[in-house]
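First up is the structure itself, then whatever we jot down about it.
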Amino acid sequence: MTYIIAEPCIGVKDKSCVDACPVDCIYEAGEQLIINPEECIDCGACVDPCPVEAIAHEDEIPEKWASFIEDAKKFDFEGLSPAQRKG
């Protein structure tokens, strides 16, 4: 199981979660951030810093955002560097 970033992140990309992540498993994916499920250690450090409450454990994602679970599993992270806070 892993943490998922869902719809509230779209267009926001605050990156407070990036600063909190101890393993740098959060990437930029167009209009939102995405957590690499293969790298996430399920620590939950990213949840509280998110100002739009876009991050939840996979088991707690509302049904209306269930597609974000599959999107994270299918996303091609190869060749990408983790998101890094700017300024």
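We label chains A, B, ... in the order they appear in the structure tokens, count residues from 1 in each chain, and number ligands from 1 in the order shown.
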
Review point. So which residues of chain A fall under helix (DSSP H, G or I) by DSSP, listed as a list in words?
Key: Glu7, Pro8, Cys9, Ser16, Cys17, Val18, Asp19, Ala20, Glu58, Asp59, Glu60, Glu63, Lys64, Trp65, Ser67, Phe68, Ile69, Glu70, Asp71, Ala72, Lys73 and Lys74 of chain A

Check your understanding: Do you know which residues are at most 10 Å from stretch 18-27 of chain A counting only C-alpha atoms, after dropping those on the same chain fewer than 4 positions away, and could you put them as a ChimeraX atom specification?
Key -> /A:4-5,13-14,32-41,43-50,77,80-85

Practice item. Return as a PyMOL selection string the full set of residues in chain A whose backbone-based DSSP assignment is strand (DSSP E). Key: chain A and resi 3-5+26-29+32-35+55-57

Based on the selection just made, write N, CA and C atoms of those residues as an mmCIF file, in the first residue's frame.
data_model
loop_
_atom_site.group_PDB
_atom_site.id
_atom_site.type_symbol
_atom_site.label_atom_id
_atom_site.label_comp_id
_atom_site.auth_asym_id
_atom_site.auth_seq_id
_atom_site.Cartn_x
_atom_site.Cartn_y
_atom_site.Cartn_z
ATOM 1 N N TYR A 3 0.736 5.923 -0.356
ATOM 2 C CA TYR A 3 -0.025 7.168 -0.302
ATOM 3 C C TYR A 3 -0.247 7.660 -1.724
ATOM 4 N N ILE A 4 -1.360 8.353 -1.922
ATOM 5 C CA ILE A 4 -1.784 8.816 -3.239
ATOM 6 C C ILE A 4 -2.071 10.315 -3.168
ATOM 7 N N ILE A 5 -1.688 11.032 -4.217
ATOM 8 C CA ILE A 5 -2.053 12.445 -4.348
ATOM 9 C C ILE A 5 -3.211 12.514 -5.330
ATOM 10 N N ILE A 26 8.233 11.897 -4.477
ATOM 11 C CA ILE A 26 7.178 12.723 -5.060
ATOM 12 C C ILE A 26 7.721 13.415 -6.303
ATOM 13 N N TYR A 27 6.987 13.285 -7.390
ATOM 14 C CA TYR A 27 7.408 13.783 -8.698
ATOM 15 C C TYR A 27 6.378 14.764 -9.257
ATOM 16 N N GLU A 28 6.831 15.626 -10.164
ATOM 17 C CA GLU A 28 5.901 16.497 -10.882
ATOM 18 C C GLU A 28 5.358 15.724 -12.076
ATOM 19 N N ALA A 29 4.045 15.789 -12.246
ATOM 20 C CA ALA A 29 3.385 15.082 -13.341
ATOM 21 C C ALA A 29 2.381 16.029 -13.980
ATOM 22 N N GLN A 32 -0.030 18.334 -11.589
ATOM 23 C CA GLN A 32 -0.071 17.925 -10.195
ATOM 24 C C GLN A 32 1.196 17.173 -9.816
ATOM 25 N N LEU A 33 1.308 16.854 -8.547
ATOM 26 C CA LEU A 33 2.395 16.031 -8.047
ATOM 27 C C LEU A 33 1.890 14.599 -7.948
ATOM 28 N N ILE A 34 2.819 13.637 -7.988
ATOM 29 C CA ILE A 34 2.443 12.231 -7.915
ATOM 30 C C ILE A 34 3.482 11.481 -7.095
ATOM 31 N N ILE A 35 3.033 10.524 -6.306
ATOM 32 C CA ILE A 35 3.913 9.724 -5.473
ATOM 33 C C ILE A 35 4.226 8.421 -6.195
ATOM 34 N N ILE A 55 -3.650 14.403 -0.202
ATOM 35 C CA ILE A 55 -2.912 13.161 0.001
ATOM 36 C C ILE A 55 -3.600 12.288 1.040
ATOM 37 N N ALA A 56 -3.770 11.017 0.677
ATOM 38 C CA ALA A 56 -4.358 10.049 1.595
ATOM 39 C C ALA A 56 -3.760 8.680 1.303
ATOM 40 N N HIS A 57 -3.875 7.795 2.281
ATOM 41 C CA HIS A 57 -3.434 6.426 2.067
ATOM 42 C C HIS A 57 -4.344 5.799 1.011
#

Review point. Hey, what's within 8 Å of A:Pro8 if we count only C-alpha atoms and toss same-chain stuff fewer than 2 positions away? As a list in words, please?
Key: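 The filter keeps Ala6, Ile10, Val12, Val52, Glu53 and Ala54 of chain A.
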
Selection export as a PDB file, in the first residue's frame, atoms kept: N, CA and C atoms:
ATOM      1  N   ALA A   6      -4.319  13.093  -4.900  1.00  0.00           N
ATOM      2  CA  ALA A   6      -5.540  13.100  -5.708  1.00  0.00           C
ATOM      3  C   ALA A   6      -5.867  14.486  -6.266  1.00  0.00           C
ATOM      4  N   ILE A  10      -4.348  19.215  -8.298  1.00  0.00           N
ATOM      5  CA  ILE A  10      -4.288  19.692  -9.679  1.00  0.00           C
ATOM      6  C   ILE A  10      -4.321  21.216  -9.703  1.00  0.00           C
ATOM      7  N   VAL A  12      -2.376  23.188  -8.165  1.00  0.00           N
ATOM      8  CA  VAL A  12      -1.873  23.802  -6.939  1.00  0.00           C
ATOM      9  C   VAL A  12      -0.373  23.539  -6.782  1.00  0.00           C
ATOM     10  N   VAL A  52      -4.096  21.441   0.738  1.00  0.00           N
ATOM     11  CA  VAL A  52      -5.391  21.195   0.099  1.00  0.00           C
ATOM     12  C   VAL A  52      -5.931  19.792   0.385  1.00  0.00           C
ATOM     13  N   GLU A  53      -5.296  19.100   1.329  1.00  0.00           N
ATOM     14  CA  GLU A  53      -5.727  17.763   1.734  1.00  0.00           C
ATOM     15  C   GLU A  53      -5.895  16.823   0.545  1.00  0.00           C
ATOM     16  N   ALA A  54      -4.894  16.834  -0.330  1.00  0.00           N
ATOM     17  CA  ALA A  54      -4.933  16.010  -1.531  1.00  0.00           C
ATOM     18  C   ALA A  54      -4.311  14.636  -1.336  1.00  0.00           C
TER      19      ALA A  54
END

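Restricting the calculation to only C-alpha atoms, the smallest distance between A:Phe68 and any of A:Glu7, A:Asp42, A:Pro51, A:Ser16 is found for A:Glu7.
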